[in-house]
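Raw contents of structure13.txt, compact mmCIF, C-alpha atoms:
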```txt
# COMPACT_ATOMS: atom_id res chain seq x y z
CA MET P 8 -20.16 -40.63 -0.35
CA THR P 9 -19.57 -40.74 -4.08
CA ASP P 10 -16.84 -42.62 -5.90
CA THR P 11 -13.40 -41.04 -6.04
CA ARG P 12 -12.57 -39.70 -9.48
CA TYR P 13 -9.27 -38.51 -10.87
CA LEU P 14 -8.26 -35.50 -12.91
CA HIS P 15 -5.14 -36.34 -14.89
CA ARG P 16 -2.52 -33.58 -14.86
CA PRO P 17 0.93 -33.59 -16.52
CA GLU P 18 2.74 -34.77 -13.36
CA GLY P 19 0.08 -36.79 -11.56
CA ARG P 20 -3.56 -37.14 -10.60
CA ILE P 21 -5.88 -34.91 -8.58
CA ALA P 22 -8.57 -36.80 -6.67
CA TYR P 23 -12.07 -35.41 -6.45
CA GLU P 24 -15.68 -36.32 -5.81
CA LEU P 25 -18.60 -35.13 -7.90
CA TRP P 26 -22.27 -34.75 -7.06
CA ASP P 27 -24.40 -34.15 -10.12
CA GLY P 28 -27.15 -31.56 -10.14
CA ASP P 29 -29.04 -29.40 -12.60
CA GLY P 30 -27.63 -26.12 -11.33
CA PRO P 31 -24.29 -24.36 -11.79
CA LEU P 32 -20.99 -26.09 -11.10
CA VAL P 33 -19.34 -25.36 -7.74
CA ILE P 34 -15.75 -26.49 -7.12
CA CYS P 35 -14.53 -26.60 -3.52
CA SER P 36 -10.89 -26.72 -2.45
CA PRO P 37 -9.48 -27.25 1.05
CA GLY P 38 -6.19 -25.80 2.20
CA MET P 39 -2.83 -27.03 3.43
CA GLY P 40 -3.02 -30.14 5.60
CA GLU P 41 -6.75 -30.52 5.00
CA LEU P 42 -8.76 -33.00 2.96
CA ARG P 43 -11.79 -32.85 0.71
CA GLN P 44 -13.84 -34.32 3.58
CA SER P 45 -13.59 -30.96 5.36
CA TYR P 46 -16.54 -30.05 3.10
CA ARG P 47 -18.59 -33.03 4.31
CA LEU P 48 -21.21 -30.82 6.02
CA LEU P 49 -21.38 -28.17 3.30
CA THR P 50 -21.66 -30.44 0.29
CA PRO P 51 -25.12 -31.88 1.14
CA LYS P 52 -26.49 -28.35 1.49
CA LEU P 53 -25.16 -27.32 -1.92
CA VAL P 54 -26.44 -30.52 -3.51
CA ALA P 55 -29.86 -30.01 -1.91
CA ALA P 56 -29.92 -26.54 -3.48
CA GLY P 57 -29.50 -28.19 -6.88
CA TYR P 58 -25.88 -27.36 -7.60
CA ARG P 59 -23.39 -29.63 -9.29
CA VAL P 60 -20.60 -29.92 -6.73
CA ALA P 61 -16.99 -31.11 -7.04
CA VAL P 62 -14.65 -31.28 -4.03
CA LEU P 63 -10.96 -31.97 -4.62
CA ASP P 64 -7.92 -33.06 -2.65
CA ILE P 65 -5.03 -30.67 -3.21
CA ARG P 66 -1.68 -32.00 -4.43
CA GLY P 67 -0.03 -34.47 -2.07
CA HIS P 68 -3.10 -34.68 0.16
CA GLY P 69 -5.80 -37.31 0.50
CA ASP P 70 -6.08 -39.42 -2.62
CA SER P 71 -4.17 -36.99 -4.86
CA ASP P 72 -0.70 -37.97 -6.00
CA THR P 73 2.58 -36.87 -4.42
CA SER P 74 4.49 -36.81 -7.72
CA PHE P 75 4.21 -33.09 -8.47
CA ALA P 76 7.02 -30.55 -8.73
CA GLY P 77 4.89 -27.69 -7.33
CA TYR P 78 2.52 -27.54 -4.35
CA ASP P 79 1.77 -23.83 -4.17
CA ASP P 80 -1.19 -21.52 -4.80
CA VAL P 81 -0.36 -21.14 -8.49
CA ALA P 82 -0.29 -24.90 -9.01
CA LEU P 83 -3.59 -25.35 -7.16
CA ALA P 84 -5.18 -22.58 -9.26
CA SER P 85 -4.20 -24.46 -12.41
CA ASP P 86 -5.75 -27.64 -11.02
CA MET P 87 -9.02 -25.86 -10.20
CA LEU P 88 -9.27 -24.47 -13.71
CA ALA P 89 -8.37 -27.83 -15.23
CA LEU P 90 -11.12 -29.48 -13.20
CA ALA P 91 -13.60 -26.82 -14.33
CA ASP P 92 -12.66 -27.61 -17.93
CA GLU P 93 -12.94 -31.35 -17.29
CA LEU P 94 -16.45 -30.90 -15.90
CA GLY P 95 -17.61 -28.48 -18.57
CA GLY P 96 -17.41 -25.26 -16.46
CA PRO P 97 -17.65 -22.39 -15.77
CA ALA P 98 -17.42 -22.96 -12.02
CA TYR P 99 -18.00 -20.98 -8.86
CA LEU P 100 -14.90 -21.52 -6.73
CA VAL P 101 -15.06 -22.09 -2.99
CA GLY P 102 -11.58 -21.98 -1.46
CA ASN P 103 -10.43 -22.39 2.13
CA SER P 104 -7.10 -21.01 3.40
CA MET P 105 -4.53 -21.40 0.58
CA GLY P 106 -7.43 -22.67 -1.55
CA ALA P 107 -8.77 -19.12 -1.40
CA GLY P 108 -5.48 -17.73 -2.69
CA ALA P 109 -5.58 -20.25 -5.51
CA ALA P 110 -9.18 -19.29 -6.32
CA VAL P 111 -8.11 -15.63 -6.64
CA ILE P 112 -5.35 -16.59 -9.07
CA ALA P 113 -7.72 -18.79 -11.07
CA ALA P 114 -10.26 -15.96 -11.33
CA ALA P 115 -7.55 -13.59 -12.55
CA ASP P 116 -6.18 -16.12 -15.03
CA ALA P 117 -9.53 -17.08 -16.56
CA PRO P 118 -12.33 -14.60 -15.79
CA ALA P 119 -14.78 -16.27 -18.18
CA LYS P 120 -14.42 -19.57 -16.31
CA VAL P 121 -15.00 -18.20 -12.79
CA PRO P 122 -18.30 -16.35 -12.30
CA GLY P 123 -17.90 -16.03 -8.54
CA LEU P 124 -15.68 -16.67 -5.50
CA VAL P 125 -16.42 -17.74 -1.94
CA LEU P 126 -13.27 -17.32 0.17
CA LEU P 127 -13.16 -19.08 3.55
CA GLY P 128 -10.53 -18.14 6.13
CA PRO P 129 -8.60 -16.81 3.15
CA PHE P 130 -4.86 -16.51 2.73
CA VAL P 131 -4.44 -14.14 -0.20
CA ARG P 132 -1.31 -12.41 1.10
CA GLN P 133 1.54 -13.12 3.49
CA PRO P 134 0.67 -12.28 7.11
CA ALA P 135 2.76 -9.77 9.06
CA GLY P 136 5.94 -11.41 10.33
CA ALA P 137 5.51 -14.27 7.87
CA ALA P 138 9.24 -14.94 7.46
CA VAL P 139 9.77 -15.57 11.18
CA LEU P 140 6.54 -17.51 11.53
CA ASN P 141 7.39 -19.70 8.54
CA LEU P 142 10.82 -20.50 10.00
CA LEU P 143 9.30 -21.48 13.35
CA PHE P 144 6.64 -23.52 11.57
CA ARG P 145 9.24 -25.42 9.56
CA ILE P 146 11.26 -26.17 12.69
CA MET P 147 8.12 -27.41 14.43
CA LEU P 148 7.32 -29.71 11.54
CA VAL P 149 10.71 -31.39 11.26
CA ARG P 150 10.43 -35.13 11.72
CA PRO P 151 10.10 -37.18 13.89
CA TRP P 152 7.83 -34.93 15.93
CA GLY P 153 6.34 -33.05 12.95
CA PRO P 154 3.05 -34.93 12.50
CA ALA P 155 2.41 -34.93 16.25
CA ALA P 156 3.13 -31.18 16.41
CA PHE P 157 0.73 -30.47 13.56
CA LEU P 158 -2.02 -32.62 15.07
CA GLY P 159 -1.48 -30.99 18.45
CA TYR P 160 -2.06 -27.58 16.91
CA TYR P 161 -5.02 -28.64 14.75
CA PRO P 162 -7.74 -28.17 17.45
CA LYS P 163 -6.83 -24.48 17.67
CA TRP P 164 -8.23 -24.11 14.15
CA VAL P 165 -11.57 -25.51 15.36
CA PRO P 166 -12.35 -23.63 18.59
CA GLY P 167 -15.46 -24.06 20.69
CA THR P 168 -18.09 -26.55 19.61
CA LYS P 169 -16.64 -29.16 17.31
CA PRO P 170 -18.55 -29.96 14.11
CA GLU P 171 -20.28 -33.26 13.51
CA GLY P 172 -17.81 -36.04 12.73
CA TYR P 173 -14.83 -34.12 14.14
CA PRO P 174 -13.05 -37.09 15.84
CA GLU P 175 -13.34 -39.18 12.70
CA HIS P 176 -12.13 -36.33 10.52
CA LEU P 177 -9.14 -35.62 12.76
CA ALA P 178 -8.19 -39.30 12.52
CA ARG P 179 -8.47 -39.05 8.73
CA VAL P 180 -6.16 -36.00 8.72
CA ARG P 181 -3.67 -37.91 10.90
CA ASP P 182 -3.75 -40.99 8.70
CA ASN P 183 -3.22 -38.82 5.61
CA LEU P 184 0.06 -37.45 7.01
CA LEU P 185 1.33 -40.99 7.56
CA ARG P 186 0.73 -42.20 4.00
CA PRO P 187 3.89 -42.74 1.95
CA GLY P 188 5.13 -39.47 0.47
CA HIS P 189 2.40 -37.36 2.04
CA TRP P 190 4.42 -35.81 4.85
CA ARG P 191 7.07 -34.69 2.38
CA ALA P 192 4.39 -33.19 0.14
CA PHE P 193 2.77 -31.47 3.12
CA VAL P 194 6.08 -29.90 4.19
CA ARG P 195 6.62 -28.64 0.66
CA THR P 196 3.13 -27.14 0.75
CA THR P 197 4.00 -25.23 3.94
CA ARG P 198 6.60 -23.32 1.93
CA THR P 199 3.91 -21.72 -0.19
CA SER P 200 4.02 -17.96 -0.61
CA HIS P 201 0.72 -16.14 -1.03
CA GLU P 202 2.40 -13.17 -2.72
CA PRO P 203 1.26 -14.36 -6.19
CA ALA P 204 -2.35 -14.19 -5.01
CA ARG P 205 -1.89 -10.69 -3.57
CA GLN P 206 -0.42 -9.47 -6.84
CA ARG P 207 -3.43 -10.75 -8.79
CA LEU P 208 -6.14 -9.23 -6.59
CA PRO P 209 -6.58 -6.09 -8.78
CA GLU P 210 -7.23 -8.31 -11.81
CA VAL P 211 -10.20 -10.15 -10.29
CA SER P 212 -13.55 -8.99 -11.67
CA ALA P 213 -15.73 -11.82 -10.35
CA PRO P 214 -18.06 -11.05 -7.44
CA ALA P 215 -16.87 -12.52 -4.18
CA VAL P 216 -17.91 -13.24 -0.62
CA VAL P 217 -15.32 -13.42 2.16
CA LEU P 218 -16.25 -15.52 5.20
CA MET P 219 -13.87 -15.27 8.13
CA GLY P 220 -14.10 -16.94 11.52
CA ALA P 221 -13.84 -14.33 14.28
CA ALA P 222 -11.82 -16.90 16.25
CA ASP P 223 -9.41 -17.77 13.43
CA VAL P 224 -6.02 -18.08 15.15
CA ASP P 225 -4.11 -17.63 11.90
CA TRP P 226 -4.70 -13.88 12.03
CA LYS P 227 -3.93 -11.42 14.82
CA ASP P 228 -7.05 -9.48 13.80
CA PRO P 229 -9.31 -11.68 11.64
CA ALA P 230 -11.86 -8.92 11.08
CA ALA P 231 -9.22 -6.48 9.84
CA GLU P 232 -7.86 -9.07 7.41
CA ALA P 233 -11.33 -9.97 6.14
CA HIS P 234 -12.25 -6.35 5.52
CA TRP P 235 -8.92 -5.68 3.78
CA ILE P 236 -9.65 -8.53 1.38
CA GLY P 237 -13.19 -7.25 0.96
CA GLU P 238 -11.86 -3.84 -0.05
CA GLN P 239 -9.43 -5.32 -2.57
CA LEU P 240 -12.12 -7.43 -4.24
CA ARG P 241 -15.15 -5.17 -3.64
CA ALA P 242 -16.55 -8.22 -1.90
CA GLU P 243 -19.19 -8.90 0.70
CA VAL P 244 -17.62 -9.70 4.09
CA VAL P 245 -19.24 -12.04 6.61
CA MET P 246 -17.72 -12.44 10.08
CA LEU P 247 -18.62 -15.66 11.88
CA PRO P 248 -18.56 -15.47 15.72
CA GLY P 249 -17.00 -18.45 17.47
CA VAL P 250 -15.77 -19.95 14.20
CA GLY P 251 -12.14 -20.79 13.47
CA HIS P 252 -10.24 -21.47 10.28
CA PHE P 253 -12.71 -23.89 8.69
CA PRO P 254 -16.07 -22.15 8.12
CA GLN P 255 -17.12 -24.97 5.79
CA ALA P 256 -17.14 -27.30 8.82
CA GLN P 257 -18.26 -24.96 11.62
CA ALA P 258 -20.67 -22.71 9.67
CA PRO P 259 -21.83 -24.66 6.60
CA GLU P 260 -25.20 -22.89 6.53
CA ALA P 261 -23.52 -19.49 6.20
CA VAL P 262 -21.23 -20.75 3.44
CA ALA P 263 -24.11 -22.36 1.52
CA ALA P 264 -26.07 -19.10 1.78
CA ALA P 265 -23.07 -17.18 0.38
CA VAL P 266 -22.88 -19.52 -2.62
CA LYS P 267 -26.61 -19.09 -3.20
CA ARG P 268 -26.32 -15.27 -3.14
CA LEU P 269 -23.56 -15.36 -5.74
CA VAL P 270 -25.51 -17.66 -8.03
CA GLU P 271 -28.69 -15.60 -7.71
CA ARG P 272 -26.70 -12.46 -8.47
CA ASP P 273 -25.92 -13.97 -11.89
CA SER P 274 -29.48 -15.14 -12.53
```

Could you spell out this file's structure in structure tokens?
Amino acid sequence: MTDTRYLHRPEGRIAYELWDGDGPLVICSPGMGELRQSYRLLTPKLVAAGYRVAVLDIRGHGDSDTSFAGYDDVALASDMLALADELGGPAYLVGNSMGAGAAVIAAADAPAKVPGLVLLGPFVRQPAGAAVLNLLFRIMLVRPWGPAAFLGYYPKWVPGTKPEGYPEHLARVRDNLLRPGHWRAFVRTTRTSHEPARQRLPEVSAPAVVLMGAADVDWKDPAAEAHWIGEQLRAEVVMLPGVGHFPQAQAPEAVAAAVKRLVERDS
């Protein structure tokens, strides 16, 4: 582990860790309800490949502050770009779930700062029936049973063989939800719309790789969603059998290989 660092933003701080290397900068973002430690198995592989790697906690999660007005994809995109500036970018962006939607927005906002995208279990548009699903999700997450409901659902995102350190990581996710102000920030994050990311897809010129778990329960047809995103971004699509919503944890070798292909494409 490295020391926790902080990116100072107008309304609070974003926590991140940094591993120095001689290669290009790679910034990794988790999604809603997740923590920077979800990249614990991927980061060593990227560092071993020589990359300079930063992994952040999104707003209201982990060691990031809960003092922000916004917790959506647009806000996260601004944080990713601000971190790239702080670290002397440009930066390849690796985004999971809503982190992928934020990466798309960041690439559209600042093409010169984002030479490539790796999108993991990406949410870059609202799923079919999103309004009804969001209402049910919000009801499920109402206190006092909200944290327990979320943690009860969490294993569905990690089907089959659990990655190394899974029990410890699940406990870390649980403890995060119980920190002062974090549950409120999490609930606000659940209200995120991915429509801003969808609208920006045509503006993205950076090469991209989409990695989707074939067992990702967030999509009725994960392969169809992955290939739709691939068509919008002219991106490579990699389907991962037996993998759920967190490829960075269940298939870190495949994700590291995708980052390497993007970097070599620019070489």

Between P:Pro118, P:Pro214, P:Pro17, P:Pro154, which has the minimum distance to Asn183 of chain P (counting all atoms listed in the file)?
->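 So, comparing all the options, the nearest one is P:Pro154.
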
Leaving out segment 58-65 of chain P and any residue of its chain fewer than 2 positions from it, which residues lie within 7 Å of it when counting only C-alpha atoms, given as an MDAnalysis selection string?
-> chainID P and resid 21:36 42:43 53:54 56 67:71 83

What's the 10 Å shell around segment 86-89 of chain P, counting all atoms listed in the file, without same-chain residues fewer than 3 positions away, as a CSV table (one decimal) with C-alpha atoms, in the coordinates of the input?
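Ended up saving to selection_12.csv:
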```csv
chain,number,residue,atom,x,y,z
P,14,LEU,CA,-8.3,-35.5,-12.9
P,15,HIS,CA,-5.1,-36.3,-14.9
P,16,ARG,CA,-2.5,-33.6,-14.9
P,20,ARG,CA,-3.6,-37.1,-10.6
P,21,ILE,CA,-5.9,-34.9,-8.6
P,34,ILE,CA,-15.8,-26.5,-7.1
P,35,CYS,CA,-14.5,-26.6,-3.5
P,36,SER,CA,-10.9,-26.7,-2.4
P,62,VAL,CA,-14.6,-31.3,-4.0
P,63,LEU,CA,-11.0,-32.0,-4.6
P,65,ILE,CA,-5.0,-30.7,-3.2
P,66,ARG,CA,-1.7,-32.0,-4.4
P,80,ASP,CA,-1.2,-21.5,-4.8
P,81,VAL,CA,-0.4,-21.1,-8.5
P,82,ALA,CA,-0.3,-24.9,-9.0
P,83,LEU,CA,-3.6,-25.4,-7.2
P,92,ASP,CA,-12.7,-27.6,-17.9
P,93,GLU,CA,-12.9,-31.4,-17.3
P,94,LEU,CA,-16.4,-30.9,-15.9
P,95,GLY,CA,-17.6,-28.5,-18.6
P,96,GLY,CA,-17.4,-25.3,-16.5
P,97,PRO,CA,-17.6,-22.4,-15.8
P,98,ALA,CA,-17.4,-23.0,-12.0
P,100,LEU,CA,-14.9,-21.5,-6.7
P,102,GLY,CA,-11.6,-22.0,-1.5
P,106,GLY,CA,-7.4,-22.7,-1.6
P,109,ALA,CA,-5.6,-20.2,-5.5
P,110,ALA,CA,-9.2,-19.3,-6.3
P,112,ILE,CA,-5.4,-16.6,-9.1
P,113,ALA,CA,-7.7,-18.8,-11.1
P,114,ALA,CA,-10.3,-16.0,-11.3
P,116,ASP,CA,-6.2,-16.1,-15.0
P,117,ALA,CA,-9.5,-17.1,-16.6
P,120,LYS,CA,-14.4,-19.6,-16.3
P,121,VAL,CA,-15.0,-18.2,-12.8
```

Could you list as a list in words every residue that has an atom within 9 Å of (-16.4, -9.1, -13.1), using the file's coordinates and counting all atoms listed in the file?
->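 I get Pro118, Ala119, Pro122, Gly123, Val211, Ser212, Ala213 and Pro214 of chain P for the residues within 9 Å of that point.
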
Output C-alpha atoms for every residue in that selection, as a PDB file, in the coordinates of the input.
```pdb
ATOM      1  CA  PRO P 118     -12.330 -14.600 -15.790  1.00  0.00           C
ATOM      2  CA  ALA P 119     -14.780 -16.270 -18.180  1.00  0.00           C
ATOM      3  CA  PRO P 122     -18.300 -16.350 -12.300  1.00  0.00           C
ATOM      4  CA  GLY P 123     -17.900 -16.030  -8.540  1.00  0.00           C
ATOM      5  CA  VAL P 211     -10.200 -10.150 -10.290  1.00  0.00           C
ATOM      6  CA  SER P 212     -13.550  -8.990 -11.670  1.00  0.00           C
ATOM      7  CA  ALA P 213     -15.730 -11.820 -10.350  1.00  0.00           C
ATOM      8  CA  PRO P 214     -18.060 -11.050  -7.440  1.00  0.00           C
TER       9      PRO P 214
END
```

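Closest approach to Trp190 of chain P among P:Gly153, P:Tyr161, P:Arg207, P:Glu232 is made by P:Gly153 (distances from all atoms listed in the file).
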
Report the closest atom pair, with its distance in Å rounded to one decimal, for each residue of segment 143-204 of chain P that has an atom no farther than 10 Å from segment 247-262 of chain P; count all atoms listed in the file, sort by chain and then rising residue number, and write it as a tab-separated table.
```
residue	atom	partner	partner_atom	distance
P:Tyr161	CA	P:His252	CA	9.9
P:Pro162	CA	P:Gly251	CA	9.5
P:Lys163	CA	P:Gly251	CA	7.7
P:Trp164	CA	P:His252	CA	5.1
P:Val165	CA	P:Gly251	CA	5.1
P:Pro166	CA	P:Gly251	CA	5.9
P:Gly167	CA	P:Gly249	CA	6.6
P:Thr168	CA	P:Gln257	CA	8.1
P:Lys169	CA	P:Gln257	CA	7.3
P:Pro170	CA	P:Gln257	CA	5.6
P:Glu171	CA	P:Ala256	CA	8.2
P:Gly172	CA	P:Ala256	CA	9.6
P:Tyr173	CA	P:Ala256	CA	9.0
```

Using only C-alpha atoms, which residue out of P:Phe157, P:Tyr13, P:Phe130, P:Tyr78 lies closest to Asp225 of chain P?
-> P:Phe130
